[in-house]
Amino acid sequence: MKNTVKKALCTFIAVIAAVSSTMIFTGCSNNGETGTSQNSTSNADKSASVASETEKPTQSKETIKIEDIDWNVDEGIVSGKKYVLLNYTNNSKFLINDFEITFKQKNSVTNEQKETFFSDVKKEFSFSDDDMKQLEGTDISMHAESNKLVDSGEIAKNINCYYYQGYSYVTNINHYNLVEPDIATIKYVGDDQKIYTVYYDFSSKKYSEEEDAEDAYYWTTTELGNKIPKPDVKIVKKYISDDEDSFGVEAFGVSSDYFNSYADKCKELGFTEDVSEYDTLYSAKDKDGYDLSISYSEDDDSMTITIDAPNN
């Protein structure tokens, strides 16, 4: 997670309206106390067969478990400001591509605690009385997610917690203490170099797994893929489009230095016309009108690459 606050805060009301029918409520730590690691053991020990894009394996495979991830949520200071942050250690043998925990309101939360919570929220985000009426009709929830690649034995630090399913940072540890863990989502790279998705329900202590898996490294077969270099990273995912006119991918495990070196390689290939260049963005066209855009995200150590064919 980035060390500077770059995301604009979106209002809770917009979030509630957008996700009221699909919102997932989740919890924090195994005992609801801050600073303690979650390492719940599942009573269900089953491995669902997972379908790749082209075939379905006939045998059970080894999968990641929540007990393989030692996680905790606590207060921390980033760039001189206090936040509620998730940290975790990957004790599995797999490369983790995405780790998310959603948090739901504890059953023990009193009306007085909720009133204090909503009063704090109104003051912090300057909501109107009408806005608060809509918000107060919902249960408290939070989430924390990181798309950074975390290899076996590595630690992911300073992952921000957010209110509900929005982008407003949680900064008050007392607010976090009103919720508990609900669902963990883990995306990891299997031995067959495909990305699998596992869910863990903290209430039932059961696992479920997505049937479909995706290739850890995706690249187009169109001519557009020959116009730019393939990123030298472990995970590349399709981004929006892949056809003769437009192609895009997201590359993960990218440093800012690698982003700059990749942009330099594209310059060497002729993308030097109509240039726009910033710390985290490079866009340009080549002499034939092919339009390239490369952007870097410090949040996820990722790089988005898109290339469009010229309009004829």
# chains A, B, ... in the order shown; residues from 1 in each chain; ligands from 1

$ select_by_dssp --residues "range 68-253 of chain A" --states "strand (DSSP E)" --output "VMD selection string"
chain A and resid 69 to 78 81 to 90 95 to 105 141 to 146 155 to 163 179 to 189 194 to 201 206 to 209 214 to 215 235 to 242 246 to 252

$ closest_atom_pairs --of "range 92-138 of chain A" --to "range 158-176 of chain A" --cutoff "9 Å" --atoms "only C-alpha atoms" --output "tab-separated table"
residue	atom	partner	partner_atom	distance
A:Thr102	CA	A:Tyr164	CA	8.6
A:Phe103	CA	A:Tyr164	CA	8.4
A:Lys104	CA	A:Tyr164	CA	8.9
A:Phe117	CA	A:His175	CA	6.6

$ write_last_selection --atoms "C-alpha atoms" --output "short mmCIF file (atom, residue, chain, number, x, y, z; two decimals), in the first residue's frame"
data_model
loop_
_atom_site.label_atom_id
_atom_site.label_comp_id
_atom_site.auth_asym_id
_atom_site.auth_seq_id
_atom_site.Cartn_x
_atom_site.Cartn_y
_atom_site.Cartn_z
CA THR A 102 -13.95 -7.85 4.75
CA PHE A 103 -15.25 -6.96 8.20
CA LYS A 104 -18.78 -6.98 9.56
CA PHE A 117 -19.48 5.88 15.43
#

$ select_by_dssp --residues "range 103-301 of chain A" --states "alpha helix (DSSP H)" --output "number ranges by chain"
A: 111-125, 129-135, 173-176, 256-268

$ closest_residue --among "A:Leu269, A:Leu178, A:Glu100, A:Ile183" --to "Thr116 in chain A" --atoms "only C-alpha atoms"
A:Leu178

$ closest_residue --among "A:Phe271, A:Phe99, A:Phe259, A:Tyr196" --to "Lys227 in chain A" --atoms "only C-alpha atoms"
A:Phe271

$ closest_residue --among "A:Phe125, A:His143, A:Tyr290, A:Lys157" --to "Val78 in chain A" --atoms "only C-alpha atoms"
A:Lys157

$ atom_distance --atom1 "CA of Ala184 in chain A" --atom2 "CA of Val249 in chain A"
25.7 Å

$ residues_around --residues "Ser302 in chain A" --least-positions-apart "2" --cutoff "10 Å" --atoms "only C-alpha atoms" --output "short mmCIF file (atom, residue, chain, number, x, y, z; two decimals) with C-alpha atoms, in the first residue's frame"
data_model
loop_
_atom_site.label_atom_id
_atom_site.label_comp_id
_atom_site.auth_asym_id
_atom_site.auth_seq_id
_atom_site.Cartn_x
_atom_site.Cartn_y
_atom_site.Cartn_z
CA ASN A 147 -2.87 -6.67 -4.89
CA LYS A 148 0.86 -6.64 -4.23
CA LEU A 149 2.73 -9.84 -4.97
CA ILE A 235 2.03 -12.03 -13.28
CA VAL A 236 0.43 -10.25 -16.23
CA GLU A 250 -1.78 -5.19 -15.94
CA ALA A 251 1.68 -6.32 -14.85
CA PHE A 252 2.26 -7.01 -11.14
CA GLY A 253 5.43 -7.01 -9.07
CA VAL A 254 6.66 -3.84 -10.76
CA SER A 255 8.94 -1.29 -9.11
CA SER A 256 9.11 2.36 -10.14
CA PHE A 259 8.37 1.12 -14.91
CA SER A 295 0.87 3.95 -15.98
CA TYR A 296 2.36 2.89 -12.64
CA SER A 297 0.50 2.26 -9.38
CA GLU A 298 2.47 2.51 -6.16
CA ASP A 299 -0.53 1.05 -4.33
CA ASP A 300 -0.14 -2.38 -5.91
CA THR A 304 -1.04 -0.89 -16.73
CA ILE A 305 -0.15 -1.02 -20.41
#

$ closest_residue --among "A:Tyr278, A:Ile307, A:Val189, A:Ser293" --to "Asn226 in chain A" --atoms "only C-alpha atoms"
A:Ile307

$ decode --residues "range 104-120 of chain A" --atoms "N, CA and C atoms" --output "mmCIF file, in the first residue's frame"
data_model
loop_
_atom_site.group_PDB
_atom_site.id
_atom_site.type_symbol
_atom_site.label_atom_id
_atom_site.label_comp_id
_atom_site.auth_asym_id
_atom_site.auth_seq_id
_atom_site.Cartn_x
_atom_site.Cartn_y
_atom_site.Cartn_z
ATOM 1 N N LYS A 104 -17.378 -7.260 9.292
ATOM 2 C CA LYS A 104 -18.783 -6.979 9.558
ATOM 3 C C LYS A 104 -18.964 -6.526 11.009
ATOM 4 N N GLN A 105 -20.079 -5.885 11.260
ATOM 5 C CA GLN A 105 -20.386 -5.387 12.602
ATOM 6 C C GLN A 105 -20.545 -6.545 13.587
ATOM 7 N N LYS A 106 -19.951 -6.405 14.758
ATOM 8 C CA LYS A 106 -20.094 -7.416 15.807
ATOM 9 C C LYS A 106 -21.528 -7.426 16.341
ATOM 10 N N ASN A 107 -21.991 -8.584 16.728
ATOM 11 C CA ASN A 107 -23.323 -8.690 17.325
ATOM 12 C C ASN A 107 -23.405 -7.958 18.656
ATOM 13 N N SER A 108 -22.267 -7.775 19.313
ATOM 14 C CA SER A 108 -22.248 -7.167 20.642
ATOM 15 C C SER A 108 -22.272 -5.638 20.619
ATOM 16 N N VAL A 109 -22.217 -5.031 19.415
ATOM 17 C CA VAL A 109 -22.186 -3.572 19.326
ATOM 18 C C VAL A 109 -23.511 -2.997 19.825
ATOM 19 N N THR A 110 -23.422 -2.023 20.723
ATOM 20 C CA THR A 110 -24.614 -1.410 21.309
ATOM 21 C C THR A 110 -25.068 -0.211 20.483
ATOM 22 N N ASN A 111 -26.296 0.226 20.718
ATOM 23 C CA ASN A 111 -26.806 1.419 20.040
ATOM 24 C C ASN A 111 -25.972 2.640 20.382
ATOM 25 N N GLU A 112 -25.511 2.707 21.612
ATOM 26 C CA GLU A 112 -24.675 3.839 22.031
ATOM 27 C C GLU A 112 -23.360 3.859 21.255
ATOM 28 N N GLN A 113 -22.751 2.693 21.041
ATOM 29 C CA GLN A 113 -21.509 2.622 20.273
ATOM 30 C C GLN A 113 -21.736 3.025 18.821
ATOM 31 N N LYS A 114 -22.880 2.610 18.270
ATOM 32 C CA LYS A 114 -23.185 2.981 16.896
ATOM 33 C C LYS A 114 -23.417 4.487 16.781
ATOM 34 N N GLU A 115 -24.087 5.062 17.740
ATOM 35 C CA GLU A 115 -24.329 6.500 17.728
ATOM 36 C C GLU A 115 -23.014 7.264 17.770
ATOM 37 N N THR A 116 -22.088 6.800 18.588
ATOM 38 C CA THR A 116 -20.774 7.441 18.660
ATOM 39 C C THR A 116 -20.036 7.309 17.332
ATOM 40 N N PHE A 117 -20.117 6.113 16.724
ATOM 41 C CA PHE A 117 -19.476 5.880 15.429
ATOM 42 C C PHE A 117 -20.010 6.841 14.373
ATOM 43 N N PHE A 118 -21.326 6.927 14.250
ATOM 44 C CA PHE A 118 -21.914 7.788 13.224
ATOM 45 C C PHE A 118 -21.663 9.262 13.510
ATOM 46 N N SER A 119 -21.583 9.629 14.781
ATOM 47 C CA SER A 119 -21.247 11.005 15.137
ATOM 48 C C SER A 119 -19.828 11.334 14.697
ATOM 49 N N ASP A 120 -18.910 10.391 14.907
ATOM 50 C CA ASP A 120 -17.522 10.588 14.467
ATOM 51 C C ASP A 120 -17.440 10.724 12.953
#
